[in-house]
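Next comes coords-v7.cif, with mmCIF, C-alpha atoms and all ligand atoms.
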data_target
#
loop_
_atom_site.label_atom_id
_atom_site.label_comp_id
_atom_site.auth_asym_id
_atom_site.auth_seq_id
_atom_site.Cartn_x
_atom_site.Cartn_y
_atom_site.Cartn_z
CA MET A 211 19.42 -19.38 -15.83
CA LYS A 212 16.80 -22.03 -15.19
CA ILE A 213 14.42 -22.54 -12.29
CA THR A 214 15.38 -25.88 -10.72
CA SER A 215 12.89 -25.86 -7.85
CA LEU A 216 9.86 -23.87 -6.74
CA ARG A 217 8.33 -24.33 -3.30
CA ALA A 218 6.02 -22.50 -0.93
CA ILE A 219 5.44 -22.62 2.82
CA GLU A 220 2.92 -21.15 5.23
CA ILE A 221 4.42 -18.32 7.33
CA ILE A 222 2.95 -15.75 9.75
CA ASP A 223 2.20 -12.09 8.96
CA SER A 224 2.34 -9.02 11.23
CA ARG A 225 -1.13 -9.74 12.64
CA GLY A 226 -0.21 -13.32 13.51
CA LYS A 227 -2.23 -14.74 10.62
CA PRO A 228 -0.86 -17.21 8.08
CA THR A 229 0.38 -16.06 4.71
CA ILE A 230 2.46 -17.63 1.96
CA ARG A 231 6.17 -17.45 1.14
CA SER A 232 7.58 -18.97 -2.02
CA PHE A 233 11.16 -19.94 -2.91
CA ALA A 234 12.55 -20.08 -6.44
CA VAL A 235 15.85 -21.96 -6.75
CA LEU A 236 18.07 -21.37 -9.80
CA ASP A 237 20.55 -23.71 -11.40
CA ASP A 238 23.47 -21.93 -9.73
CA GLY A 239 21.98 -23.04 -6.39
CA SER A 240 20.79 -19.55 -5.36
CA ILE A 241 17.45 -19.25 -3.55
CA HIS A 242 15.04 -16.30 -4.03
CA SER A 243 12.00 -15.87 -1.82
CA ALA A 244 8.99 -13.58 -1.56
CA SER A 245 6.06 -13.38 0.84
CA VAL A 246 2.62 -11.87 0.40
CA PRO A 247 0.84 -9.26 2.56
CA SER A 248 -2.85 -9.09 3.46
CA GLY A 249 -5.34 -6.22 3.88
CA ALA A 250 -8.03 -5.57 6.51
CA SER A 251 -9.95 -2.70 4.90
CA THR A 252 -9.95 -4.54 1.59
CA GLY A 253 -11.71 -3.33 -1.55
CA SER A 254 -14.44 -5.59 -2.86
CA HIS A 255 -12.89 -5.49 -6.34
CA GLU A 256 -9.63 -7.06 -5.22
CA VAL A 257 -8.53 -10.45 -6.52
CA LEU A 258 -9.09 -13.42 -4.22
CA GLU A 259 -6.78 -14.23 -1.34
CA LEU A 260 -7.20 -18.01 -1.04
CA ARG A 261 -7.71 -19.16 2.56
CA ASP A 262 -8.50 -22.66 3.83
CA TYR A 263 -11.59 -21.79 5.91
CA ASP A 264 -10.81 -24.78 8.11
CA PRO A 265 -11.94 -23.66 11.58
CA LYS A 266 -9.62 -26.21 13.19
CA ARG A 267 -6.51 -24.34 11.99
CA TYR A 268 -5.65 -20.65 12.61
CA GLN A 269 -9.35 -19.71 12.96
CA GLY A 270 -9.85 -20.65 9.31
CA PHE A 271 -7.11 -18.27 8.06
CA GLY A 272 -4.69 -21.03 6.97
CA VAL A 273 -3.24 -20.90 3.45
CA GLN A 274 -2.39 -24.55 2.90
CA LYS A 275 -4.49 -24.68 -0.28
CA ALA A 276 -2.46 -21.82 -1.77
CA VAL A 277 0.77 -23.54 -0.70
CA HIS A 278 -0.45 -26.76 -2.31
CA ASN A 279 -1.23 -24.90 -5.55
CA VAL A 280 2.35 -23.62 -5.75
CA ASN A 281 3.98 -26.92 -4.85
CA GLU A 282 1.76 -29.26 -6.84
CA ILE A 283 0.44 -27.24 -9.78
CA ILE A 284 2.56 -24.16 -10.51
CA ALA A 285 5.94 -25.79 -9.76
CA LYS A 286 5.20 -28.70 -12.11
CA GLU A 287 5.07 -26.28 -15.06
CA LEU A 288 7.65 -23.69 -14.08
CA VAL A 289 10.52 -25.90 -12.95
CA GLY A 290 12.95 -26.23 -15.84
CA ARG A 291 11.90 -22.90 -17.36
CA GLU A 292 14.32 -20.02 -18.05
CA VAL A 293 13.87 -17.18 -15.54
CA ASP A 294 14.64 -14.36 -17.98
CA ASP A 295 11.02 -13.63 -18.89
CA PRO A 296 9.00 -12.69 -15.77
CA ARG A 297 6.23 -11.15 -17.90
CA GLY A 298 5.86 -14.41 -19.82
CA ILE A 299 5.74 -16.37 -16.56
CA ASP A 300 3.04 -14.01 -15.22
CA ARG A 301 1.09 -14.51 -18.44
CA TRP A 302 1.26 -18.26 -17.96
CA LEU A 303 0.14 -17.95 -14.31
CA ILE A 304 -2.85 -15.81 -15.33
CA GLU A 305 -3.85 -18.24 -18.07
CA ARG A 306 -3.37 -21.32 -15.91
CA ASP A 307 -5.60 -19.76 -13.25
CA GLY A 308 -8.18 -18.83 -15.87
CA THR A 309 -10.46 -16.71 -13.68
CA GLU A 310 -11.05 -12.96 -13.51
CA ASN A 311 -10.31 -12.76 -9.76
CA LYS A 312 -7.57 -15.42 -9.57
CA SER A 313 -9.78 -17.61 -7.42
CA ASN A 314 -8.64 -20.86 -8.94
CA LEU A 315 -4.97 -20.91 -7.87
CA GLY A 316 -5.41 -18.01 -5.42
CA ALA A 317 -3.93 -14.54 -5.95
CA ASN A 318 -1.69 -15.07 -2.91
CA ALA A 319 -0.17 -18.22 -4.47
CA ILE A 320 0.28 -16.47 -7.83
CA LEU A 321 1.83 -13.29 -6.39
CA ALA A 322 4.27 -15.20 -4.17
CA VAL A 323 5.62 -16.87 -7.32
CA SER A 324 5.48 -13.74 -9.47
CA MET A 325 7.62 -11.74 -6.99
CA ALA A 326 10.11 -14.57 -6.36
CA VAL A 327 10.60 -14.91 -10.13
CA VAL A 328 11.50 -11.18 -10.41
CA ARG A 329 14.02 -11.58 -7.60
CA ALA A 330 15.53 -14.63 -9.28
CA ALA A 331 15.62 -12.88 -12.67
CA ALA A 332 17.47 -9.91 -11.14
CA HIS A 333 20.00 -12.29 -9.60
CA ALA A 334 20.49 -14.10 -12.91
CA VAL A 335 21.76 -10.87 -14.50
CA HIS A 336 23.64 -9.73 -11.36
CA LYS A 337 21.49 -6.64 -10.77
CA PRO A 338 19.86 -5.23 -7.64
CA GLN A 339 16.11 -5.75 -7.77
CA TRP A 340 15.29 -2.05 -8.28
CA LYS A 341 17.68 -1.86 -11.23
CA TYR A 342 16.28 -4.97 -12.80
CA LEU A 343 12.72 -3.71 -12.40
CA ASN A 344 13.70 -0.37 -13.90
CA GLU A 345 15.46 -1.82 -16.93
CA TYR A 346 13.01 -4.66 -17.60
CA TYR A 347 9.72 -2.87 -16.97
CA PHE A 348 10.28 0.87 -16.64
CA SER A 349 13.09 1.80 -19.01
CA GLU A 350 11.22 4.98 -19.99
CA TYR A 351 11.42 6.25 -16.38
CA LYS A 352 14.39 7.20 -14.23
CA PRO A 353 14.71 5.51 -10.82
CA ALA A 354 13.92 8.07 -8.11
CA PHE A 355 13.29 8.07 -4.39
CA PRO A 356 9.63 8.46 -3.50
CA ARG A 357 8.34 10.88 -0.89
CA LEU A 358 7.15 9.05 2.21
CA MET A 359 3.58 8.90 3.48
CA VAL A 360 4.11 7.96 7.11
CA ASN A 361 1.04 6.83 9.00
CA ILE A 362 1.77 8.07 12.52
CA VAL A 363 -1.77 7.88 13.95
CA ASN A 364 -3.96 4.86 13.17
CA GLY A 365 -7.75 4.91 13.30
CA GLY A 366 -10.72 3.19 11.68
CA ARG A 367 -10.63 -0.58 11.28
CA HIS A 368 -6.87 -0.61 12.00
CA ALA A 369 -7.32 0.69 15.55
CA ASP A 370 -10.78 -0.26 16.74
CA TRP A 371 -12.50 2.89 15.45
CA ASN A 372 -10.94 5.44 17.79
CA PHE A 373 -11.29 7.84 14.81
CA ASP A 374 -13.17 7.61 11.53
CA ILE A 375 -10.13 8.52 9.47
CA GLN A 376 -8.04 5.35 9.16
CA GLU A 377 -4.63 6.95 8.62
CA PHE A 378 -3.17 10.31 9.63
CA MET A 379 0.06 10.64 7.69
CA ILE A 380 2.94 13.06 7.49
CA CYS A 381 4.79 13.46 4.19
CA PRO A 382 8.26 14.95 4.56
CA VAL A 383 9.12 17.22 1.64
CA ALA A 384 12.65 15.78 1.38
CA THR A 385 13.00 12.80 -0.94
CA LYS A 386 16.40 11.44 0.11
CA PRO A 387 15.56 8.53 2.45
CA SER A 388 18.24 9.49 4.97
CA GLU A 389 16.58 12.90 5.31
CA SER A 390 12.89 12.05 5.02
CA ILE A 391 13.13 9.07 7.39
CA GLN A 392 14.90 11.20 9.99
CA ILE A 393 12.18 13.87 9.87
CA ALA A 394 9.39 11.30 10.13
CA SER A 395 11.09 9.39 12.91
CA GLU A 396 11.80 12.49 15.00
CA ILE A 397 8.18 13.65 14.75
CA PHE A 398 6.95 10.11 15.52
CA LEU A 399 9.16 9.80 18.61
CA ARG A 400 8.18 13.25 19.89
CA LEU A 401 4.51 12.55 19.32
CA GLY A 402 4.91 9.37 21.39
CA ASP A 403 6.51 11.32 24.26
CA ASN A 404 3.73 13.88 24.01
CA LEU A 405 0.93 11.31 24.14
CA LYS A 406 2.56 9.47 27.04
CA SER A 407 3.05 12.63 29.06
CA LYS A 408 -0.61 13.54 28.55
CA LYS A 409 -1.51 9.95 29.49
CA ILE A 410 -3.52 9.45 26.32
CA GLY A 411 -1.66 6.40 25.06
CA GLY A 412 1.54 5.48 23.31
CA LEU A 413 0.37 2.09 22.03
CA VAL A 414 0.44 1.41 18.31
CA GLY A 415 -2.09 0.05 15.79
CA ASP A 416 -1.69 -2.39 12.89
CA GLU A 417 0.58 -0.15 10.86
CA GLY A 418 2.72 1.04 13.75
CA GLY A 419 1.09 4.45 14.26
CA TYR A 420 -0.18 5.52 17.67
CA SER A 421 -3.76 4.91 18.58
CA PRO A 422 -4.38 7.56 21.25
CA THR A 423 -7.61 8.38 23.06
CA LEU A 424 -8.03 11.77 21.41
CA LYS A 425 -11.55 12.98 20.76
CA SER A 426 -11.60 14.17 17.17
CA ASN A 427 -9.78 14.23 13.84
CA GLU A 428 -8.89 17.87 14.53
CA GLU A 429 -7.29 17.01 17.85
CA VAL A 430 -5.09 14.46 16.10
CA PHE A 431 -3.79 17.04 13.64
CA ASP A 432 -3.22 19.58 16.42
CA THR A 433 -1.27 17.09 18.52
CA ILE A 434 0.92 16.05 15.59
CA LEU A 435 1.56 19.71 14.76
CA GLU A 436 2.52 20.49 18.35
CA SER A 437 5.03 17.61 18.28
CA ALA A 438 6.47 18.61 14.92
CA VAL A 439 6.99 22.20 16.06
CA THR A 440 8.83 21.01 19.18
CA CYS A 441 11.20 19.12 16.88
CA GLY A 442 11.78 22.28 14.85
CA TYR A 443 9.79 21.17 11.79
CA GLU A 444 7.32 23.40 9.98
CA LYS A 445 4.20 22.37 8.10
CA LEU A 446 4.51 23.15 4.35
CA LYS A 447 8.25 23.78 4.58
CA ASP A 448 9.30 20.40 5.98
CA PHE A 449 6.21 18.22 5.70
CA PHE A 450 2.59 18.02 4.65
CA PHE A 451 -0.37 16.08 6.00
CA ALA A 452 -2.11 13.26 4.15
CA VAL A 453 -5.07 11.09 5.14
CA ASP A 454 -6.55 7.76 4.16
CA CYS A 455 -10.26 7.99 4.96
CA ALA A 456 -10.97 4.39 3.83
CA ALA A 457 -14.57 5.63 3.54
CA SER A 458 -16.00 2.33 2.26
CA GLU A 459 -15.64 1.20 5.86
CA PHE A 460 -18.16 3.75 7.16
CA TYR A 461 -20.53 3.80 4.18
CA GLU A 462 -23.88 2.08 4.30
CA ASN A 463 -27.06 2.44 2.26
CA GLY A 464 -25.99 5.61 0.50
CA GLU A 465 -24.81 7.37 3.65
CA TYR A 466 -21.61 7.91 5.54
CA THR A 467 -22.03 7.32 9.28
CA LEU A 468 -19.19 8.60 11.44
CA LYS A 469 -18.78 5.79 13.96
CA LYS A 470 -17.43 7.97 16.72
CA THR A 471 -20.35 10.38 16.92
CA GLY A 472 -23.05 8.50 15.00
CA GLN A 473 -23.39 11.58 12.76
CA LYS A 474 -24.72 10.76 9.29
CA MET A 475 -23.54 12.63 6.21
CA ASN A 476 -24.25 12.44 2.51
CA ALA A 477 -21.42 12.78 -0.03
CA THR A 478 -21.98 16.54 -0.39
CA GLN A 479 -21.71 17.14 3.35
CA LEU A 480 -18.65 14.93 3.57
CA THR A 481 -17.06 16.87 0.69
CA GLN A 482 -17.68 20.08 2.59
CA TYR A 483 -16.13 18.61 5.74
CA TYR A 484 -13.02 17.41 3.86
CA SER A 485 -12.46 20.74 2.16
CA GLU A 486 -12.68 22.61 5.45
CA LEU A 487 -10.36 20.15 7.19
CA GLY A 488 -8.01 20.15 4.18
CA GLN A 489 -7.69 23.92 4.11
CA LYS A 490 -7.31 24.25 7.87
CA TYR A 491 -4.46 21.72 8.14
CA ASN A 492 -3.03 21.86 4.60
CA ILE A 493 -3.86 18.24 3.89
CA GLN A 494 -2.08 17.53 0.63
CA SER A 495 -3.58 14.15 -0.10
CA PHE A 496 -6.96 12.46 0.49
CA GLU A 497 -7.12 8.71 -0.11
CA ASP A 498 -10.50 6.98 -0.54
CA PRO A 499 -12.50 9.98 0.70
CA PHE A 500 -15.66 8.18 -0.51
CA ALA A 501 -16.86 4.61 -0.85
CA GLU A 502 -15.37 2.34 -3.48
CA ASP A 503 -18.23 2.65 -6.00
CA ASP A 504 -19.24 6.26 -5.29
CA TRP A 505 -17.66 7.43 -8.57
CA GLU A 506 -19.78 10.55 -8.73
CA ALA A 507 -18.61 11.83 -5.36
CA PHE A 508 -14.98 11.15 -6.35
CA THR A 509 -15.37 13.09 -9.60
CA ARG A 510 -16.97 16.06 -7.85
CA PHE A 511 -14.30 16.11 -5.15
CA THR A 512 -11.52 15.87 -7.75
CA GLN A 513 -12.94 18.92 -9.53
CA LEU A 514 -13.02 20.84 -6.27
CA ALA A 515 -9.54 19.56 -5.38
CA ARG A 516 -8.04 21.50 -8.31
CA GLN A 517 -8.88 24.72 -6.54
CA PHE A 518 -7.19 23.62 -3.27
CA GLN A 519 -4.48 21.48 -4.90
CA PHE A 520 -5.52 18.38 -3.00
CA GLN A 521 -4.31 15.05 -4.28
CA VAL A 522 -7.22 12.59 -4.59
CA VAL A 523 -6.06 8.99 -4.31
CA GLY A 524 -8.04 5.91 -5.29
CA ASP A 525 -7.23 2.77 -3.32
CA ASP A 526 -10.38 0.64 -2.84
CA LEU A 527 -11.79 2.67 -5.74
CA PHE A 528 -9.31 1.18 -8.24
CA CYS A 529 -7.91 -1.92 -6.50
CA THR A 530 -4.80 -1.62 -8.74
CA ASN A 531 -6.98 -2.95 -11.54
CA PRO A 532 -6.11 -1.48 -14.98
CA ASN A 533 -9.79 -1.72 -16.05
CA ARG A 534 -10.98 0.29 -13.06
CA ILE A 535 -8.12 2.79 -13.42
CA LYS A 536 -9.09 3.26 -17.09
CA ALA A 537 -12.70 3.93 -16.07
CA GLY A 538 -11.47 6.37 -13.40
CA ILE A 539 -9.35 8.28 -15.90
CA GLU A 540 -12.38 8.65 -18.20
CA LYS A 541 -14.49 9.91 -15.31
CA GLN A 542 -11.63 12.06 -13.90
CA ALA A 543 -12.46 10.45 -10.57
CA ALA A 544 -9.05 11.01 -8.92
CA ASN A 545 -5.57 12.25 -9.74
CA ALA A 546 -3.45 9.55 -8.07
CA VAL A 547 -3.58 5.77 -7.65
CA LEU A 548 -2.58 3.65 -4.68
CA ILE A 549 -0.74 0.62 -6.02
CA LYS A 550 -0.90 -2.65 -4.08
CA LEU A 551 0.56 -5.78 -5.66
CA ASN A 552 -1.83 -8.16 -3.93
CA GLN A 553 -4.93 -6.29 -5.10
CA ILE A 554 -4.22 -7.49 -8.64
CA GLY A 555 -1.97 -10.52 -8.05
CA THR A 556 1.04 -10.34 -10.41
CA VAL A 557 4.00 -8.01 -10.76
CA SER A 558 3.39 -7.43 -14.47
CA GLU A 559 -0.26 -6.40 -14.04
CA THR A 560 0.90 -4.07 -11.24
CA VAL A 561 3.37 -2.58 -13.72
CA ASP A 562 0.53 -2.07 -16.24
CA ALA A 563 -1.48 -0.24 -13.56
CA ILE A 564 1.51 2.00 -12.76
CA LYS A 565 2.10 2.83 -16.44
CA MET A 566 -1.54 3.62 -17.08
CA THR A 567 -1.55 5.94 -14.05
CA ARG A 568 1.57 7.71 -15.29
CA GLU A 569 0.29 8.10 -18.82
CA ALA A 570 -2.77 9.90 -17.48
CA GLY A 571 -0.44 12.36 -15.75
CA TRP A 572 -1.54 11.05 -12.35
CA LYS A 573 0.68 10.35 -9.34
CA VAL A 574 1.79 6.84 -8.31
CA ILE A 575 1.82 5.73 -4.66
CA ILE A 576 3.31 2.30 -3.99
CA SER A 577 1.71 0.80 -0.90
CA HIS A 578 2.04 -1.94 1.72
CA ARG A 579 -0.96 -3.69 3.35
CA SER A 580 -2.02 -3.49 6.98
CA GLY A 581 -1.01 -7.14 7.41
CA GLU A 582 2.62 -7.26 6.26
CA THR A 583 5.77 -9.34 6.27
CA GLU A 584 9.45 -8.45 6.29
CA ASN A 585 9.51 -8.55 2.47
CA PRO A 586 10.87 -5.18 1.23
CA PHE A 587 9.84 -5.73 -2.44
CA ILE A 588 7.80 -2.49 -2.59
CA ALA A 589 10.82 -0.34 -1.71
CA ASP A 590 12.65 -1.61 -4.80
CA LEU A 591 9.51 -1.23 -6.87
CA ALA A 592 8.92 2.37 -5.73
CA TYR A 593 12.51 3.41 -6.47
CA GLY A 594 12.73 1.39 -9.67
CA CYS A 595 9.64 2.99 -11.23
CA GLY A 596 10.35 6.45 -9.79
CA ALA A 597 7.02 6.57 -7.91
CA GLU A 598 6.09 9.92 -6.44
CA PHE A 599 5.22 8.36 -3.06
CA ILE A 600 5.57 5.23 -0.98
CA LYS A 601 3.11 4.43 1.78
CA THR A 602 4.49 1.85 4.16
CA GLY A 603 3.29 2.63 7.66
CA SER A 604 4.80 4.25 10.66
CA MET A 605 8.28 4.47 12.12
CA SER A 606 7.77 1.35 14.22
CA ARG A 607 7.14 -2.38 13.71
CA SER A 608 9.83 -4.20 11.80
CA GLU A 609 7.56 -5.22 8.91
CA ARG A 610 7.18 -1.46 8.14
CA LEU A 611 10.82 -0.61 8.84
CA ALA A 612 12.01 -3.35 6.46
CA LYS A 613 10.81 -1.11 3.60
CA TYR A 614 12.30 2.12 5.01
CA ASN A 615 15.56 0.36 5.76
CA ARG A 616 15.68 -1.02 2.23
CA LEU A 617 15.33 2.55 0.88
CA LEU A 618 18.30 3.53 3.06
CA GLU A 619 20.25 0.59 1.66
CA ILE A 620 19.46 1.62 -1.91
CA GLU A 621 20.54 5.19 -1.12
CA SER A 622 23.85 3.88 0.25
CA GLY A 623 24.58 2.29 -3.13
CA ILE A 624 25.84 -0.90 -1.46
CA ARG A 625 23.24 -3.14 -3.12
P1 LIG B 701 -5.46 -2.40 4.18
O1 LIG B 701 -5.19 -0.89 4.56
O2 LIG B 701 -4.18 -3.04 3.84
O3 LIG B 701 -6.08 -2.94 5.44
O4 LIG B 701 -6.42 -2.40 3.02
C1 LIG B 701 -4.31 -0.06 3.87
C2 LIG B 701 -5.04 1.00 3.11
O5 LIG B 701 -6.29 1.09 3.15
O6 LIG B 701 -4.40 1.77 2.40
ZN ZN B 702 -6.35 2.89 1.68
#

Now that the file is in, can you turn its structure into structure tokens?
Ligand code: PGA
Ligand code: ZN
Amino acid sequence: MKITSLRAIEIIDSRGKPTIRSFAVLDDGSIHSASVPSGASTGSHEVLELRDYDPKRYQGFGVQKAVHNVNEIIAKELVGREVDDPRGIDRWLIERDGTENKSNLGANAILAVSMAVVRAAAHAVHKPQWKYLNEYYFSEYKPAFPRLMVNIVNGGRHADWNFDIQEFMICPVATKPSESIQIASEIFLRLGDNLKSKKIGGLVGDEGGYSPTLKSNEEVFDTILESAVTCGYEKLKDFFFAVDCAASEFYENGEYTLKKTGQKMNATQLTQYYSELGQKYNIQSFEDPFAEDDWEAFTRFTQLARQFQFQVVGDDLFCTNPNRIKAGIEKQAANAVLIKLNQIGTVSETVDAIKMTREAGWKVIISHRSGETENPFIADLAYGCGAEFIKTGSMSRSERLAKYNRLLEIESGIR
């Protein structure tokens, strides 16, 4: 089938800021859309999200330039083209942009088109998106449901620095969405009741987790545990803990400064702190425990992690960039990669990052951004490539639930 029209519009994301949605129309009249998320604790090696910087509109956050680039530049070339070759279309987008960081057309413009093309291509062969992704890109892997990483307490930049750790997550052991979502939701609801009854807040942060006025990281884990036990769930048997430290956000001039207490630590002291915390609470996974270019600290922590069986995840460290992942594999700087489509800007480069991660024997975590839309693309991607984990926020806020609900839909077999 051919693309007969390609258009983009400016829409609003979960933080109320503009983002881009594109629409690919096929010659059977069907319309396929995709919208692009946006980070807050972004890595400095991410591709460029093109904004207008016009202070008269949306505090400068407008994306009319990116919309223009889809409507006036990309559409002119892609309309009339067969939709059966998404990788070829991505290749053309990358070449037409011509820059390392996609700053010419804007990575947001490029990704909006890249995802809509995959959707259209799946429709053209009458397949659900996950199935299309699996057969077209991941035929060597079996589709499988990922374990969830559910961010039930938000800190750091996502919640005004109530804690230094940005995300306190629970990971149900069950993989079937109808089971894992139930466990996560029950713990989340009970935690909310608990926090409200103690009058320490039931309000939620950017990713839908609570943002209570607890005093320390330890208190957060204890309160979650208390809530889980009341629901009848046991740590290690039913769920594990995971954290995203997003440590680039509290790193300055070679030191880590905990914002809450003002305490300064070097990488060795921070390593010590993480291993104590990890053993005490059975934290299974540490994401970005160190700053994005502190390779040495990552490598040392990964060595230590073998002993405790911690998973060490690179998010800002790798920025879903195959070159950085390759460097990380050589340095043995982690053992898992957080995959975010908009850190690299096309579906096919995201696929390359996933495959490289897999070939190294590392774990794949498909992730949302803190600024999201109702687009559930990552749920299909996670199932279609058989990712070990999906990280898509808490059990609240519809932009997060869109992904969980899509997993439930896939499980149902209806589409
Ligand atoms: P971000 O946060 O989308 O603000 O970068 C998510 C994360 O750090 O994993
Ligand atoms: Zn992160």

Check which residues fall inside 7 Å of ligand ZN 702 (chain B) when counting only C-alpha atoms and all ligand atoms, and print them as a list in words.
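Counting only what the definition allows, namely only C-alpha atoms and all ligand atoms, the set is Asp454, Ala456, Glu497, Asp498, Asp525 and Asp526 of chain A.
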
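Distances from A:Glu220, A:Asp300, A:Glu396, A:Asp504 to Tyr268 in chain A were compared using only C-alpha atoms, and the smallest one belongs to A:Glu220.
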
Using all atoms listed in the file, what are the residues with an atom within 6 Å of ligand LIG 701 (chain B), set out as a list in words?
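What falls inside 6 Å of ligand LIG 701 (chain B) is Gly249, Ala250, Ser251, Thr252, Ala456, Arg579 and Ser580 of chain A.
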
Limited to C-alpha atoms, could you put the picked residues into a file as a tab-separated table (two decimals), keeping the file's coordinate frame?
chain	number	residue	atom	x	y	z
A	249	GLY	CA	-5.34	-6.22	3.88
A	250	ALA	CA	-8.03	-5.57	6.51
A	251	SER	CA	-9.95	-2.70	4.90
A	252	THR	CA	-9.95	-4.54	1.59
A	456	ALA	CA	-10.97	4.39	3.83
A	579	ARG	CA	-0.96	-3.69	3.35
A	580	SER	CA	-2.02	-3.49	6.98

Just how far from CA of Asn531 in chain A is CA of Ile554 in chain A, in Å to one decimal?
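Separation of CA of Ile554 in chain A and CA of Asn531 in chain A: 6.1 Å.
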
Residues of range 508-621 of chain A at most 8 Å from range 345-351 of chain A: nearest atom pair and distance in Å, only C-alpha atoms, as a Markdown table:
| residue | atom | partner | partner_atom | distance |
| --- | --- | --- | --- | --- |
| A:Val561 | CA | A:Tyr347 | CA | 7.1 |
| A:Gly594 | CA | A:Phe348 | CA | 7.4 |
| A:Cys595 | CA | A:Phe348 | CA | 5.8 |
| A:Gly596 | CA | A:Tyr351 | CA | 6.7 |

Generate the output file for the selected residues, C-alpha atoms, as a short mmCIF file (atom, residue, chain, number, x, y, z; two decimals), in the frame of the given file.
data_model
loop_
_atom_site.label_atom_id
_atom_site.label_comp_id
_atom_site.auth_asym_id
_atom_site.auth_seq_id
_atom_site.Cartn_x
_atom_site.Cartn_y
_atom_site.Cartn_z
CA VAL A 561 3.37 -2.58 -13.72
CA GLY A 594 12.73 1.39 -9.67
CA CYS A 595 9.64 2.99 -11.23
CA GLY A 596 10.35 6.45 -9.79
#

Check the smallest atom-to-atom distance from each of A:Ala354, A:Ile576, A:Ile320, A:Met475 to Pro387 in chain A using only C-alpha atoms, then report the winner.
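Nearest candidate to Pro387 in chain A out of A:Ala354, A:Ile576, A:Ile320, A:Met475: A:Ala354.
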
Ranking A:Trp505, A:Phe460, A:Trp371, A:Tyr483 by minimum distance to Gly415 in chain A and counting all atoms listed in the file, which one comes first?
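The shortest atom-to-atom distance to Gly415 in chain A comes from A:Trp371.
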
Which of these residues is nearest to Thr385 in chain A, using only C-alpha atoms: A:Lys541, A:Arg357, A:His368, A:Lys445?
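Ranking A:Lys541, A:Arg357, A:His368, A:Lys445 by distance to Thr385 in chain A, first place goes to A:Arg357.
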
Per-axis box centre and lengths in Å around range 545-563 of chain A, 4 Å margin per side, axis-aligned, as AutoDock Vina command-line options:
--center_x -0.8 --center_y 0.9 --center_z -10.1 --size_x 17.6 --size_y 30.8 --size_z 20.3

Near-range 428-431 of chain A list (9 Å; all atoms listed in the file; drop same-chain fewer than 4 positions) as a VMD selection string
chain A and resid 363 378 422 424 435 to 436 451 487 491

Nearest residue to Asp416 in chain A from the set A:Arg217, A:His578, A:His242, A:Arg329 (distances using all atoms listed in the file)
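Nearest to Asp416 in chain A: A:His578.
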
A:Asp590, A:Asp374, A:Glu310, A:Asp237: which is nearest Lys212 in chain A, counting all atoms listed in the file?
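Under the stated criterion, the closest residue is A:Asp237.
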
Give me the residues within 10 Å of range 476-478 of chain A as number ranges by chain, counting all atoms listed in the file and dropping any in the same chain fewer than 4 places off.
A: 461, 464-467, 482-484, 499-501, 504, 506-508, 510-511

Place a sphere of radius 9 Å on (15.4, -7.0, -1.6) in the file coordinates and name every protein, DNA or RNA residue with an atom inside or on its surface, counting all atoms listed in the file; give the answer as an MDAnalysis selection string.
chainID A and resid 329 338:340 585:590 616 625

Dump as a short mmCIF file (atom, residue, chain, number, x, y, z; two decimals), in the coordinates of the input, selection limited to C-alpha atoms:
data_model
loop_
_atom_site.label_atom_id
_atom_site.label_comp_id
_atom_site.auth_asym_id
_atom_site.auth_seq_id
_atom_site.Cartn_x
_atom_site.Cartn_y
_atom_site.Cartn_z
CA ARG A 329 14.02 -11.58 -7.60
CA PRO A 338 19.86 -5.23 -7.64
CA GLN A 339 16.11 -5.75 -7.77
CA TRP A 340 15.29 -2.05 -8.28
CA ASN A 585 9.51 -8.55 2.47
CA PRO A 586 10.87 -5.18 1.23
CA PHE A 587 9.84 -5.73 -2.44
CA ILE A 588 7.80 -2.49 -2.59
CA ALA A 589 10.82 -0.34 -1.71
CA ASP A 590 12.65 -1.61 -4.80
CA ARG A 616 15.68 -1.02 2.23
CA ARG A 625 23.24 -3.14 -3.12
#

Selection near Leu288 in chain A, 9 Å with only C-alpha atoms, sequence-local residues under 4 positions removed, as a ChimeraX atom specification
/A:213-216,284,292,299

Within 8 Å of Glu609 in chain A, counting only C-alpha atoms, which residues show up once you throw out same-chain ones fewer than 4 positions away? Write them as a ChimeraX atom specification, please.
/A:224,582-585,613
